[in-house]
file query-v2.pdb (PDB, C-alpha atoms, pLDDT in the B column)
ATOM      1  CA  MET A  88      38.650  22.753 -17.532  1.00 59.00           C
ATOM      2  CA  THR A  89      36.721  22.763 -20.789  1.00 67.00           C
ATOM      3  CA  ALA A  90      33.004  23.591 -21.075  1.00 58.00           C
ATOM      4  CA  ASP A  91      32.210  19.958 -21.920  1.00 55.00           C
ATOM      5  CA  SER A  92      34.102  18.603 -18.941  1.00 57.00           C
ATOM      6  CA  GLU A  93      32.383  21.147 -16.691  1.00 60.00           C
ATOM      7  CA  ARG A  94      28.964  19.968 -17.889  1.00 57.00           C
ATOM      8  CA  VAL A  95      29.952  16.334 -17.276  1.00 52.00           C
ATOM      9  CA  LYS A  96      31.130  17.227 -13.785  1.00 52.00           C
ATOM     10  CA  ARG A  97      27.855  19.035 -13.004  1.00 58.00           C
ATOM     11  CA  ARG A  98      25.819  16.043 -14.212  1.00 60.00           C
ATOM     12  CA  TYR A  99      27.980  13.716 -12.135  1.00 52.00           C
ATOM     13  CA  ASP A 100      27.590  15.883  -9.043  1.00 56.00           C
ATOM     14  CA  THR A 101      23.816  16.103  -9.546  1.00 67.00           C
ATOM     15  CA  THR A 102      23.529  12.330  -9.990  1.00 72.00           C
ATOM     16  CA  ARG A 103      25.664  11.720  -6.907  1.00 77.00           C
ATOM     17  CA  ARG A 104      23.598  14.113  -4.788  1.00 77.00           C
ATOM     18  CA  ARG A 105      20.359  12.511  -5.988  1.00 82.00           C
ATOM     19  CA  ALA A 106      21.661   9.034  -5.193  1.00 83.00           C
ATOM     20  CA  SER A 107      22.728  10.195  -1.737  1.00 87.00           C
ATOM     21  CA  ALA A 108      19.312  11.748  -1.119  1.00 90.00           C
ATOM     22  CA  ASP A 109      17.604   8.537  -2.226  1.00 89.00           C
ATOM     23  CA  ARG A 110      19.741   6.477   0.179  1.00 93.00           C
ATOM     24  CA  THR A 111      18.892   8.837   3.012  1.00 94.00           C
ATOM     25  CA  ARG A 112      15.187   8.659   2.230  1.00 93.00           C
ATOM     26  CA  ARG A 113      15.235   4.857   2.102  1.00 93.00           C
ATOM     27  CA  ALA A 114      17.119   4.692   5.396  1.00 96.00           C
ATOM     28  CA  ILE A 115      14.541   6.954   7.057  1.00 96.00           C
ATOM     29  CA  LEU A 116      11.590   4.955   5.705  1.00 95.00           C
ATOM     30  CA  GLU A 117      13.137   1.643   6.758  1.00 95.00           C
ATOM     31  CA  ALA A 118      13.936   2.964  10.234  1.00 97.00           C
ATOM     32  CA  ALA A 119      10.459   4.434  10.643  1.00 97.00           C
ATOM     33  CA  THR A 120       8.756   1.225   9.507  1.00 95.00           C
ATOM     34  CA  ALA A 121      10.743  -0.890  11.955  1.00 96.00           C
ATOM     35  CA  LEU A 122      10.143   1.456  14.892  1.00 97.00           C
ATOM     36  CA  PHE A 123       6.433   1.957  14.251  1.00 97.00           C
ATOM     37  CA  ILE A 124       5.930  -1.801  14.140  1.00 95.00           C
ATOM     38  CA  GLU A 125       8.119  -2.428  17.194  1.00 96.00           C
ATOM     39  CA  GLN A 126       6.876   0.422  19.404  1.00 96.00           C
ATOM     40  CA  GLY A 127       3.630   1.698  17.923  1.00 96.00           C
ATOM     41  CA  TYR A 128       2.865   5.129  16.512  1.00 96.00           C
ATOM     42  CA  VAL A 129       2.647   7.172  19.700  1.00 94.00           C
ATOM     43  CA  ALA A 130       5.819   5.798  21.316  1.00 96.00           C
ATOM     44  CA  THR A 131       7.938   6.281  18.195  1.00 97.00           C
ATOM     45  CA  THR A 132       9.628   9.667  18.129  1.00 97.00           C
ATOM     46  CA  MET A 133      11.179  11.429  15.187  1.00 97.00           C
ATOM     47  CA  ALA A 134      14.427  11.588  17.151  1.00 97.00           C
ATOM     48  CA  ALA A 135      14.442   7.802  17.474  1.00 97.00           C
ATOM     49  CA  ILE A 136      13.786   7.435  13.748  1.00 98.00           C
ATOM     50  CA  ALA A 137      16.665   9.806  12.987  1.00 97.00           C
ATOM     51  CA  GLN A 138      18.997   7.919  15.302  1.00 97.00           C
ATOM     52  CA  ARG A 139      18.192   4.546  13.758  1.00 97.00           C
ATOM     53  CA  ALA A 140      18.513   5.964  10.239  1.00 97.00           C
ATOM     54  CA  GLY A 141      21.879   7.532  11.087  1.00 96.00           C
ATOM     55  CA  VAL A 142      20.840  11.098  10.322  1.00 96.00           C
ATOM     56  CA  ASN A 143      19.888  14.134  12.346  1.00 95.00           C
ATOM     57  CA  ALA A 144      16.277  15.006  13.155  1.00 94.00           C
ATOM     58  CA  ASP A 145      16.267  18.036  10.853  1.00 95.00           C
ATOM     59  CA  THR A 146      17.110  15.753   7.929  1.00 96.00           C
ATOM     60  CA  VAL A 147      14.095  13.567   8.736  1.00 96.00           C
ATOM     61  CA  TYR A 148      11.744  16.550   8.755  1.00 96.00           C
ATOM     62  CA  THR A 149      13.263  18.009   5.587  1.00 95.00           C
ATOM     63  CA  THR A 150      13.130  14.694   3.740  1.00 95.00           C
ATOM     64  CA  VAL A 151       9.738  13.285   4.749  1.00 94.00           C
ATOM     65  CA  GLY A 152       7.935  15.909   6.845  1.00 95.00           C
ATOM     66  CA  ALA A 153       6.355  15.584  10.287  1.00 95.00           C
ATOM     67  CA  LYS A 154       5.331  12.249  11.805  1.00 96.00           C
ATOM     68  CA  PRO A 155       1.773  12.071  10.346  1.00 94.00           C
ATOM     69  CA  ALA A 156       3.123  12.869   6.868  1.00 94.00           C
ATOM     70  CA  LEU A 157       5.872  10.282   7.313  1.00 96.00           C
ATOM     71  CA  PHE A 158       3.394   7.603   8.330  1.00 96.00           C
ATOM     72  CA  ARG A 159       1.155   8.391   5.366  1.00 94.00           C
ATOM     73  CA  LEU A 160       4.165   8.154   3.052  1.00 93.00           C
ATOM     74  CA  LEU A 161       4.977   4.740   4.514  1.00 94.00           C
ATOM     75  CA  ILE A 162       1.436   3.555   3.855  1.00 92.00           C
ATOM     76  CA  GLU A 163       1.447   4.862   0.284  1.00 89.00           C
ATOM     77  CA  THR A 164       4.849   3.440  -0.675  1.00 90.00           C
ATOM     78  CA  THR A 165       4.208   0.088   0.996  1.00 87.00           C
ATOM     79  CA  LEU A 166       0.815  -0.093  -0.700  1.00 84.00           C
ATOM     80  CA  SER A 167       2.335   0.530  -4.134  1.00 78.00           C
ATOM     81  CA  GLY A 168       5.390  -1.648  -3.563  1.00 77.00           C
ATOM     82  CA  GLU A 169       7.514   1.172  -4.988  1.00 71.00           C
ATOM     83  CA  ASP A 170       9.573   3.955  -3.441  1.00 68.00           C
ATOM     84  CA  HIS A 171       6.787   6.390  -4.324  1.00 69.00           C
ATOM     85  CA  ALA A 172       2.992   6.390  -4.386  1.00 71.00           C
ATOM     86  CA  VAL A 173       1.453   4.801  -7.496  1.00 74.00           C
ATOM     87  CA  PRO A 174      -2.242   5.323  -8.376  1.00 78.00           C
ATOM     88  CA  ALA A 175      -4.169   2.057  -8.387  1.00 75.00           C
ATOM     89  CA  THR A 176      -5.047   2.444 -12.075  1.00 77.00           C
ATOM     90  CA  ASN A 177      -1.325   2.488 -12.958  1.00 81.00           C
ATOM     91  CA  ARG A 178      -0.412  -0.735 -11.174  1.00 86.00           C
ATOM     92  CA  ASP A 179       0.528  -3.819 -13.164  1.00 90.00           C
ATOM     93  CA  TYR A 180      -2.089  -6.092 -11.634  1.00 92.00           C
ATOM     94  CA  VAL A 181      -4.870  -3.636 -12.561  1.00 92.00           C
ATOM     95  CA  ARG A 182      -3.749  -3.668 -16.189  1.00 93.00           C
ATOM     96  CA  ASP A 183      -3.625  -7.473 -16.114  1.00 95.00           C
ATOM     97  CA  LEU A 184      -7.082  -7.627 -14.566  1.00 94.00           C
ATOM     98  CA  GLN A 185      -8.580  -5.279 -17.134  1.00 93.00           C
ATOM     99  CA  ALA A 186      -7.008  -7.223 -20.003  1.00 96.00           C
ATOM    100  CA  GLU A 187      -8.360 -10.556 -18.731  1.00 97.00           C
ATOM    101  CA  PRO A 188     -11.734 -11.427 -20.311  1.00 97.00           C
ATOM    102  CA  ASP A 189     -12.780 -14.146 -17.831  1.00 97.00           C
ATOM    103  CA  ALA A 190     -14.501 -13.064 -14.595  1.00 98.00           C
ATOM    104  CA  VAL A 191     -13.098 -15.935 -12.512  1.00 98.00           C
ATOM    105  CA  ASN A 192      -9.562 -15.127 -13.632  1.00 98.00           C
ATOM    106  CA  LYS A 193     -10.107 -11.421 -12.943  1.00 97.00           C
ATOM    107  CA  LEU A 194     -11.006 -12.223  -9.337  1.00 98.00           C
ATOM    108  CA  ALA A 195      -8.045 -14.604  -9.004  1.00 98.00           C
ATOM    109  CA  ILE A 196      -5.678 -11.872 -10.209  1.00 97.00           C
ATOM    110  CA  TYR A 197      -7.144  -9.414  -7.750  1.00 97.00           C
ATOM    111  CA  ALA A 198      -7.092 -11.861  -4.823  1.00 97.00           C
ATOM    112  CA  ALA A 199      -3.405 -12.566  -5.484  1.00 97.00           C
ATOM    113  CA  ALA A 200      -2.652  -8.839  -5.625  1.00 95.00           C
ATOM    114  CA  ILE A 201      -4.514  -8.130  -2.381  1.00 95.00           C
ATOM    115  CA  SER A 202      -2.694 -10.966  -0.619  1.00 95.00           C
ATOM    116  CA  ARG A 203       0.677  -9.534  -1.692  1.00 94.00           C
ATOM    117  CA  ILE A 204      -0.298  -5.997  -0.705  1.00 93.00           C
ATOM    118  CA  HIS A 205      -1.561  -6.974   2.730  1.00 93.00           C
ATOM    119  CA  ALA A 206       1.497  -9.157   3.357  1.00 92.00           C
ATOM    120  CA  ARG A 207       3.597  -5.995   2.998  1.00 89.00           C
ATOM    121  CA  LEU A 208       1.150  -3.631   4.593  1.00 90.00           C
ATOM    122  CA  GLY A 209      -0.480  -5.705   7.335  1.00 90.00           C
ATOM    123  CA  PRO A 210       1.905  -4.751  10.157  1.00 91.00           C
ATOM    124  CA  LEU A 211       1.596  -1.026   9.361  1.00 93.00           C
ATOM    125  CA  PHE A 212      -2.181  -1.296   9.117  1.00 91.00           C
ATOM    126  CA  GLY A 213      -2.106  -2.851  12.575  1.00 91.00           C
ATOM    127  CA  VAL A 214      -0.268   0.227  13.837  1.00 95.00           C
ATOM    128  CA  LEU A 215      -2.736   2.500  12.053  1.00 94.00           C
ATOM    129  CA  GLN A 216      -5.731   0.592  13.408  1.00 91.00           C
ATOM    130  CA  THR A 217      -4.463   0.986  16.973  1.00 92.00           C
ATOM    131  CA  ALA A 218      -3.461   4.638  16.715  1.00 94.00           C
ATOM    132  CA  ALA A 219      -6.304   6.059  14.601  1.00 93.00           C
ATOM    133  CA  PRO A 220      -8.859   6.441  17.452  1.00 93.00           C
ATOM    134  CA  SER A 221      -6.554   8.808  19.351  1.00 90.00           C
ATOM    135  CA  SER A 222      -4.995  10.638  16.398  1.00 92.00           C
ATOM    136  CA  PRO A 223      -7.122  12.889  14.146  1.00 93.00           C
ATOM    137  CA  GLU A 224      -4.457  12.756  11.430  1.00 92.00           C
ATOM    138  CA  LEU A 225      -4.380   8.958  11.380  1.00 94.00           C
ATOM    139  CA  ALA A 226      -8.160   8.708  11.662  1.00 94.00           C
ATOM    140  CA  ALA A 227      -8.370  10.887   8.550  1.00 94.00           C
ATOM    141  CA  LEU A 228      -5.797   8.651   6.839  1.00 92.00           C
ATOM    142  CA  TRP A 229      -7.816   5.531   7.711  1.00 91.00           C
ATOM    143  CA  HIS A 230     -10.983   7.148   6.331  1.00 93.00           C
ATOM    144  CA  MET A 231      -9.217   8.291   3.177  1.00 92.00           C
ATOM    145  CA  ILE A 232      -7.891   4.799   2.487  1.00 90.00           C
ATOM    146  CA  ALA A 233     -11.339   3.279   3.029  1.00 91.00           C
ATOM    147  CA  GLU A 234     -13.010   5.757   0.682  1.00 94.00           C
ATOM    148  CA  ARG A 235     -10.346   5.358  -1.968  1.00 92.00           C
ATOM    149  CA  ARG A 236     -10.743   1.599  -1.810  1.00 93.00           C
ATOM    150  CA  ALA A 237     -14.510   2.005  -2.190  1.00 96.00           C
ATOM    151  CA  ALA A 238     -14.048   4.061  -5.353  1.00 95.00           C
ATOM    152  CA  ASN A 239     -11.601   1.518  -6.769  1.00 94.00           C
ATOM    153  CA  MET A 240     -13.983  -1.349  -5.947  1.00 96.00           C
ATOM    154  CA  ARG A 241     -16.717   0.336  -7.950  1.00 97.00           C
ATOM    155  CA  LEU A 242     -14.349   0.346 -10.924  1.00 96.00           C
ATOM    156  CA  LEU A 243     -13.558  -3.331 -10.357  1.00 96.00           C
ATOM    157  CA  ALA A 244     -17.230  -4.275 -10.059  1.00 97.00           C
ATOM    158  CA  ALA A 245     -18.048  -2.338 -13.228  1.00 97.00           C
ATOM    159  CA  ASP A 246     -15.263  -4.218 -14.998  1.00 97.00           C
ATOM    160  CA  LEU A 247     -16.688  -7.538 -13.771  1.00 97.00           C
ATOM    161  CA  ALA A 248     -20.114  -6.503 -15.059  1.00 97.00           C
ATOM    162  CA  THR A 249     -18.733  -6.321 -18.602  1.00 97.00           C
ATOM    163  CA  THR A 250     -18.258 -10.109 -18.541  1.00 97.00           C
ATOM    164  CA  GLY A 251     -22.017 -10.645 -18.173  1.00 97.00           C
ATOM    165  CA  ARG A 252     -21.523 -12.847 -15.108  1.00 97.00           C
ATOM    166  CA  LEU A 253     -22.183 -10.421 -12.248  1.00 97.00           C
ATOM    167  CA  ARG A 254     -25.183 -11.667 -10.242  1.00 95.00           C
ATOM    168  CA  SER A 255     -25.808  -8.453  -8.263  1.00 95.00           C
ATOM    169  CA  THR A 256     -25.742  -4.736  -8.897  1.00 97.00           C
ATOM    170  CA  VAL A 257     -22.386  -3.090  -9.457  1.00 98.00           C
ATOM    171  CA  GLN A 258     -22.713  -1.182  -6.172  1.00 97.00           C
ATOM    172  CA  GLU A 259     -23.511  -4.286  -4.127  1.00 98.00           C
ATOM    173  CA  ALA A 260     -20.615  -6.182  -5.671  1.00 98.00           C
ATOM    174  CA  ALA A 261     -18.306  -3.251  -4.966  1.00 98.00           C
ATOM    175  CA  ASP A 262     -19.416  -3.166  -1.328  1.00 98.00           C
ATOM    176  CA  VAL A 263     -18.898  -6.913  -0.886  1.00 97.00           C
ATOM    177  CA  ILE A 264     -15.367  -6.748  -2.299  1.00 97.00           C
ATOM    178  CA  TRP A 265     -14.630  -3.595  -0.278  1.00 97.00           C
ATOM    179  CA  ALA A 266     -15.622  -5.311   2.979  1.00 96.00           C
ATOM    180  CA  THR A 267     -13.823  -8.586   2.355  1.00 97.00           C
ATOM    181  CA  ASN A 268     -10.573  -7.117   1.009  1.00 95.00           C
ATOM    182  CA  SER A 269     -10.274  -4.663   3.898  1.00 93.00           C
ATOM    183  CA  PRO A 270      -7.125  -4.518   6.030  1.00 89.00           C
ATOM    184  CA  GLU A 271      -9.281  -5.196   9.095  1.00 90.00           C
ATOM    185  CA  PHE A 272     -10.523  -8.456   7.562  1.00 94.00           C
ATOM    186  CA  TYR A 273      -6.975  -9.458   6.616  1.00 94.00           C
ATOM    187  CA  LEU A 274      -5.703  -8.798  10.126  1.00 92.00           C
ATOM    188  CA  LEU A 275      -8.509 -10.838  11.649  1.00 94.00           C
ATOM    189  CA  LEU A 276      -7.796 -13.876   9.481  1.00 96.00           C
ATOM    190  CA  VAL A 277      -4.016 -13.807   8.994  1.00 95.00           C
ATOM    191  CA  ARG A 278      -2.762 -12.108  12.144  1.00 92.00           C
ATOM    192  CA  ASP A 279      -5.399 -13.168  14.675  1.00 94.00           C
ATOM    193  CA  ARG A 280      -6.560 -16.533  13.266  1.00 96.00           C
ATOM    194  CA  GLN A 281      -3.153 -17.346  11.765  1.00 96.00           C
ATOM    195  CA  TRP A 282      -4.282 -18.182   8.264  1.00 97.00           C
ATOM    196  CA  THR A 283      -1.478 -18.492   5.732  1.00 96.00           C
ATOM    197  CA  HIS A 284      -1.308 -15.944   2.930  1.00 93.00           C
ATOM    198  CA  GLU A 285      -1.962 -18.761   0.459  1.00 95.00           C
ATOM    199  CA  HIS A 286      -5.126 -19.797   2.325  1.00 97.00           C
ATOM    200  CA  TYR A 287      -6.293 -16.190   2.547  1.00 97.00           C
ATOM    201  CA  GLU A 288      -5.726 -15.616  -1.191  1.00 97.00           C
ATOM    202  CA  GLN A 289      -7.522 -18.794  -2.251  1.00 97.00           C
ATOM    203  CA  TRP A 290     -10.406 -18.161   0.124  1.00 97.00           C
ATOM    204  CA  LEU A 291     -10.877 -14.626  -1.219  1.00 97.00           C
ATOM    205  CA  ALA A 292     -10.939 -15.759  -4.836  1.00 97.00           C
ATOM    206  CA  ASP A 293     -13.310 -18.650  -4.137  1.00 98.00           C
ATOM    207  CA  SER A 294     -15.630 -16.575  -1.957  1.00 98.00           C
ATOM    208  CA  TRP A 295     -15.874 -13.748  -4.467  1.00 98.00           C
ATOM    209  CA  CYS A 296     -16.734 -16.206  -7.242  1.00 98.00           C
ATOM    210  CA  ARG A 297     -19.474 -17.834  -5.142  1.00 97.00           C
ATOM    211  CA  LEU A 298     -20.906 -14.523  -3.931  1.00 97.00           C
ATOM    212  CA  LEU A 299     -20.672 -12.427  -7.056  1.00 97.00           C
ATOM    213  CA  LEU A 300     -20.778 -14.535 -10.191  1.00 98.00           C
ATOM    214  CA  THR A 301     -23.466 -16.552 -11.941  1.00 95.00           C
TER     215      THR A 301
END
call {"tool": "encode", "arguments": {"input": "query-v2.pdb", "output": "structure tokens"}}
result
Amino acid sequence: MTADSERVKRRYDTTRRRASADRTRRAILEAATALFIEQGYVATTMAAIAQRAGVNADTVYTTVGAKPALFRLLIETTLSGEDHAVPATNRDYVRDLQAEPDAVNKLAIYAAAISRIHARLGPLFGVLQTAAPSSPELAALWHMIAERRAANMRLLAADLATTGRLRSTVQEAADVIWATNSPEFYLLLVRDRQWTHEHYEQWLADSWCRLLLT
């Protein structure tokens, strides 16, 4: 075997191993998501996740960590819509929002994004909401998400202020958006009151315009 063919073989083997690892990771995340939603956080065991994913338990721990770390990874990847966590400032809808000069359109873009995110994430947030009071790790995750949202809402409110149409202070606007785009609020309206996602999205955009803009 020549040196060139050996290098090609090594690259092929590396690519094949990476693809296999990615398939295993996806299978674990899909199995975990289904079981957490079906059974809840406490009742779902890592052994059950491994069995549904078709791997052994050691592979689950090696690939995604212990159960709290796995659940956090599920939240982060479902939130981003990717197979990895993506900071809010790097998401497409944030770039679109920042590029849009009109305040009404900014809020429409954000309402559409929040509706899509919660449609993916709502069931997992329901699991988190139920389990957080009895799990310090999940309570910390819930708090972290809330605080991160608050910081991002301050950035959004500051961006709205640049249009000259914000009727309140930046902090008050940020707090209003933070409260009304919360997963708890989504679950109340869509899960409990059975609003459609389209109704929820339109209501958010309209309400934010009435509450926040001149």
call {"tool": "closest_residue", "arguments": {"input": "query-v2.pdb", "among": "A:Ala260, A:Ala135, A:Val181, A:Val214", "to": "A:Ala226", "atoms": "all atoms listed in the file"}}
result
A:Val214
call {"tool": "closest_residue", "arguments": {"input": "query-v2.pdb", "among": "A:Asp246, A:Glu117, A:Glu285, A:Asp279", "to": "A:Lys193", "atoms": "only C-alpha atoms"}}
result
A:Asp246
call {"tool": "atom_distance", "arguments": {"input": "query-v2.pdb", "atom1": "atom CA of A:Ala156", "atom2": "atom CA of A:Ile204"}}
result
20.6 Å
call {"tool": "atom_distance", "arguments": {"input": "query-v2.pdb", "atom1": "atom CA of A:Asp189", "atom2": "atom CA of A:Ser294"}}
result
16.3 Å
call {"tool": "closest_residue", "arguments": {"input": "query-v2.pdb", "among": "A:Trp290, A:Ala114, A:Thr267, A:Thr249", "to": "A:Ala186", "atoms": "only C-alpha atoms"}}
result
A:Thr249
call {"tool": "resolve_selection", "arguments": {"input": "query-v2.pdb", "expression": "the PyMOL selection byres ((chain A and resi 239) around 12)", "output": "ChimeraX atom specification"}}
result
/A:174-176,181,197,232-238,240-246,258,260-262,264-265,268
call {"tool": "write_last_selection", "arguments": {"input": "query-v2.pdb", "atoms": "C-alpha atoms", "output": "PDB file, keeping the file's coordinate frame"}}
result
ATOM      1  CA  PRO A 174      -2.242   5.323  -8.376  1.00 78.00           C
ATOM      2  CA  ALA A 175      -4.169   2.057  -8.387  1.00 75.00           C
ATOM      3  CA  THR A 176      -5.047   2.444 -12.075  1.00 77.00           C
ATOM      4  CA  VAL A 181      -4.870  -3.636 -12.561  1.00 92.00           C
ATOM      5  CA  TYR A 197      -7.144  -9.414  -7.750  1.00 97.00           C
ATOM      6  CA  ILE A 232      -7.891   4.799   2.487  1.00 90.00           C
ATOM      7  CA  ALA A 233     -11.339   3.279   3.029  1.00 91.00           C
ATOM      8  CA  GLU A 234     -13.010   5.757   0.682  1.00 94.00           C
ATOM      9  CA  ARG A 235     -10.346   5.358  -1.968  1.00 92.00           C
ATOM     10  CA  ARG A 236     -10.743   1.599  -1.810  1.00 93.00           C
ATOM     11  CA  ALA A 237     -14.510   2.005  -2.190  1.00 96.00           C
ATOM     12  CA  ALA A 238     -14.048   4.061  -5.353  1.00 95.00           C
ATOM     13  CA  MET A 240     -13.983  -1.349  -5.947  1.00 96.00           C
ATOM     14  CA  ARG A 241     -16.717   0.336  -7.950  1.00 97.00           C
ATOM     15  CA  LEU A 242     -14.349   0.346 -10.924  1.00 96.00           C
ATOM     16  CA  LEU A 243     -13.558  -3.331 -10.357  1.00 96.00           C
ATOM     17  CA  ALA A 244     -17.230  -4.275 -10.059  1.00 97.00           C
ATOM     18  CA  ALA A 245     -18.048  -2.338 -13.228  1.00 97.00           C
ATOM     19  CA  ASP A 246     -15.263  -4.218 -14.998  1.00 97.00           C
ATOM     20  CA  GLN A 258     -22.713  -1.182  -6.172  1.00 97.00           C
ATOM     21  CA  ALA A 260     -20.615  -6.182  -5.671  1.00 98.00           C
ATOM     22  CA  ALA A 261     -18.306  -3.251  -4.966  1.00 98.00           C
ATOM     23  CA  ASP A 262     -19.416  -3.166  -1.328  1.00 98.00           C
ATOM     24  CA  ILE A 264     -15.367  -6.748  -2.299  1.00 97.00           C
ATOM     25  CA  TRP A 265     -14.630  -3.595  -0.278  1.00 97.00           C
ATOM     26  CA  ASN A 268     -10.573  -7.117   1.009  1.00 95.00           C
TER      27      ASN A 268
END
call {"tool": "atom_distance", "arguments": {"input": "query-v2.pdb", "atom1": "atom CA of A:Ala266", "atom2": "atom CA of A:Arg178"}}
result
21.3 Å
call {"tool": "resolve_selection", "arguments": {"input": "query-v2.pdb", "expression": "the PyMOL selection byres ((chain A and resi 270) around 12)", "output": "ChimeraX atom specification"}}
result
/A:162,166,201-202,204-216,229,232-233,236,264-269,271-278
call {"tool": "residues_around", "arguments": {"input": "query-v2.pdb", "residues": "A:Leu247", "least_positions_apart": "5", "cutoff": "8 Å", "atoms": "all atoms listed in the file", "output": "count of residues only"}}
result
4
call {"tool": "closest_residue", "arguments": {"input": "query-v2.pdb", "among": "A:Val173, A:Leu194, A:Ala248, A:Leu157", "to": "A:Arg112", "atoms": "only C-alpha atoms"}}
result
A:Leu157
call {"tool": "residues_around", "arguments": {"input": "query-v2.pdb", "residues": "A:Ala198", "least_positions_apart": "6", "cutoff": "8 Å", "atoms": "all atoms listed in the file", "output": "ChimeraX atom specification"}}
result
/A:288-289,291-292
